[in-house]
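Each remark here refers to the structure printed beneath this line.
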Amino acid sequence: MEIFDVYDRDRVKTGKTLERKGLLKDERDTGEYFLVIHVCVFNSKGEMLIQQRQPFKDGWANLWDVTVGGHALSGETSRDAAERELFEEIGLRLDFSNARPNLTVHSSICFDDYYLMDSEPDIESLPLQYEEVQRVRWASCEEICSLIDSGEFVPYYKPLIELLFSMRGRFSARFRNDL
């Protein structure tokens, strides 16, 4: 059974916890939030490593998704959860010791932290978690947006995907390095 810490609107832990069971069924803003992480791994060609979810997975079955995503377990920091999920789902270890989320998106039920990491793993040798991931591949921003349009990718807002690609290698959304 997975247990998650509950946060308030200001992302302060309340001391309460929630069980995963039924957690996502109610998306009303109750003032209780949990923490979700997403890790987007990019290669030197500017492509993102994407995963295809298993056909028997509860939620977004058989669809493509960003590299990895998941919930922070009770007691975990965002960084701990990102490192754990990346290793659990696709067997990739990256150093998150100096990482901070590049972007946080708030919803009515959670804080979504996005980590944008550079790595060149041999994707043929990654030990994919059978319960979660059926395969991985590299994809450009345009390919991902096309997969969203065709209903083959988790239905993220395309501008969010474009922003993730644009922010790669930057630590701030306020300043462009190319001016």
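Letters for chains follow the order of the structure tokens (A, B, ...), residue numbers begin at 1 for each chain, and ligand numbers begin at 1 in the order shown.
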
Name all residues at most 6 Å from Ile50 of chain A (count only C-alpha atoms; drop same-chain ones fewer than 5 positions away) and give them as a PyMOL selection string.
chain A and resi 65-67+136-137

Save the residues we just selected, N, CA and C atoms, as a short mmCIF file (atom, residue, chain, number, x, y, z; two decimals), in the first residue's frame?
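part04.cif written:
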```
data_model
loop_
_atom_site.label_atom_id
_atom_site.label_comp_id
_atom_site.auth_asym_id
_atom_site.auth_seq_id
_atom_site.Cartn_x
_atom_site.Cartn_y
_atom_site.Cartn_z
N ASP A 65 4.32 8.36 -22.52
CA ASP A 65 4.40 9.35 -21.45
C ASP A 65 5.82 9.89 -21.43
N VAL A 66 6.03 10.95 -20.63
CA VAL A 66 7.39 11.47 -20.44
C VAL A 66 8.23 10.35 -19.82
N THR A 67 9.52 10.58 -19.67
CA THR A 67 10.45 9.52 -19.25
C THR A 67 9.91 8.73 -18.07
N VAL A 136 10.67 1.96 -24.27
CA VAL A 136 11.10 3.36 -24.29
C VAL A 136 11.67 3.68 -25.66
N ARG A 137 11.69 4.96 -25.97
CA ARG A 137 12.32 5.44 -27.20
C ARG A 137 12.56 6.94 -27.09
#
```

Which of segment 4-141 of chain A counts as alpha helix (DSSP H) under DSSP, as a PyMOL selection string please?
chain A and resi 78-90+141

Which residues are close to Leu35 of chain A, i.e. within 10 Å by only C-alpha atoms, leaving aside same-chain residues fewer than 4 positions away? Reply as a ChimeraX atom specification.
/A:4-7,11,70-74,76-78,81,106,109-113

Interatomic distance between atom CA of Phe165 of chain A and atom CA of Tyr130 of chain A?
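The value is 27.7 Å.
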
Surrounding residues of Glu83 of chain A excluding itself and chain neighbours under 6 positions, 9 Å, only C-alpha atoms, as a VMD selection string:
chain A and resid 39 92 to 96

Could the residues in this selection be written to a file with N, CA and C atoms, as a CSV table (one decimal), in the first residue's frame?
```
chain,number,residue,atom,x,y,z
A,39,VAL,N,10.2,13.1,-14.4
A,39,VAL,CA,11.6,13.3,-14.9
A,39,VAL,C,11.6,13.2,-16.4
A,92,LEU,N,17.5,3.6,-14.6
A,92,LEU,CA,18.5,4.6,-14.8
A,92,LEU,C,18.8,5.3,-13.5
A,93,ARG,N,20.1,5.4,-13.2
A,93,ARG,CA,20.5,6.1,-12.0
A,93,ARG,C,21.2,7.4,-12.5
A,94,LEU,N,20.7,8.5,-12.0
A,94,LEU,CA,21.3,9.9,-12.3
A,94,LEU,C,21.5,10.5,-10.9
A,95,ASP,N,22.4,11.5,-10.9
A,95,ASP,CA,22.7,12.2,-9.7
A,95,ASP,C,21.8,13.4,-9.5
A,96,PHE,N,20.9,13.3,-8.5
A,96,PHE,CA,19.9,14.4,-8.2
A,96,PHE,C,20.4,15.2,-7.0
```

Can you check which residues of segment 31-81 of chain A DSSP gives as strand (DSSP E or B) on the backbone and send them as a list in words?
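Those in segment 31-81 of chain A that DSSP calls strand (DSSP E or B) are Tyr33, Phe34, Leu35, Val36, Ile37, His38, Val39, Cys40, Val41, Phe42, Met48, Leu49, Ile50, Gln51, Gln52, Arg53, Trp64, Asp65, Val68, Gly69, Gly70 and His71 of chain A.
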
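Among the candidate residues A:Val41, A:Leu116, A:Ala61, A:Ile161, the one lying nearest to Val133 of chain A is A:Ala61, with distances computed using only C-alpha atoms.
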
Of the candidates A:Cys141, A:Val36, A:Leu63, A:Leu49, which shows the shortest atom-to-atom distance to Met117 of chain A, using only C-alpha atoms?
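Smallest distance to Met117 of chain A is found for A:Leu49.
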
Leaving out Leu103 of chain A and any residue of its chain fewer than 2 positions from it, which residues lie within 9 Å of it when counting only C-alpha atoms, given as an mmCIF file with C-alpha atoms, in the first residue's frame?
```cif
data_model
loop_
_atom_site.group_PDB
_atom_site.id
_atom_site.type_symbol
_atom_site.label_atom_id
_atom_site.label_comp_id
_atom_site.auth_asym_id
_atom_site.auth_seq_id
_atom_site.Cartn_x
_atom_site.Cartn_y
_atom_site.Cartn_z
ATOM 1 C CA ARG A 100 15.853 21.101 -8.155
ATOM 2 C CA PRO A 101 12.633 20.926 -10.135
ATOM 3 C CA VAL A 105 2.729 23.009 -12.060
ATOM 4 C CA ASP A 112 3.717 18.420 -10.170
ATOM 5 C CA ASP A 113 7.510 18.861 -10.127
ATOM 6 C CA TYR A 114 9.328 18.482 -13.459
ATOM 7 C CA TYR A 115 13.029 17.639 -13.544
ATOM 8 C CA LEU A 116 14.819 18.108 -16.870
ATOM 9 C CA LEU A 164 9.778 21.459 -21.226
ATOM 10 C CA MET A 167 13.568 25.007 -20.720
ATOM 11 C CA SER A 172 15.012 29.776 -14.924
ATOM 12 C CA ALA A 173 11.955 30.521 -17.000
#
```

Do you know which residues are at most 8 Å from Leu147 of chain A counting only C-alpha atoms, after dropping those on the same chain fewer than 5 positions away, and could you put them as a list in words?
Trp64, Glu152 and Phe153 of chain A

Atoms to include: N, CA and C atoms. Write the selected residues as a PDB file, in the first residue's frame.
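The new file part38.pdb reads:
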```
ATOM      1  N   TRP A  64       1.908   6.565 -24.490  1.00  0.00           N
ATOM      2  CA  TRP A  64       3.255   7.075 -24.279  1.00  0.00           C
ATOM      3  C   TRP A  64       3.199   8.166 -23.226  1.00  0.00           C
ATOM      4  N   GLU A 152      -2.223   8.957 -28.712  1.00  0.00           N
ATOM      5  CA  GLU A 152      -1.291   7.899 -28.323  1.00  0.00           C
ATOM      6  C   GLU A 152      -0.376   8.301 -27.168  1.00  0.00           C
ATOM      7  N   PHE A 153      -0.502   9.535 -26.680  1.00  0.00           N
ATOM      8  CA  PHE A 153       0.330  10.052 -25.597  1.00  0.00           C
ATOM      9  C   PHE A 153      -0.608  10.528 -24.490  1.00  0.00           C
TER      10      PHE A 153
END
```

Calculated over only C-alpha atoms, which of the candidates A:Pro121, A:Pro127, A:Gly31, A:Pro55 has the smallest distance to Asn43 of chain A?
A:Pro121

Of the candidates A:Asn102, A:Gln51, A:Ser119, A:Ser97, which one gets nearest to Ile144 of chain A if we count only C-alpha atoms?
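Under the stated criterion, the closest residue is A:Gln51.
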
Long-range neighbours of Ile148 of chain A as an MDAnalysis selection string, 9 Å cut-off, only C-alpha atoms, 6 positions minimum in chain
chainID A and resid 64 154:158
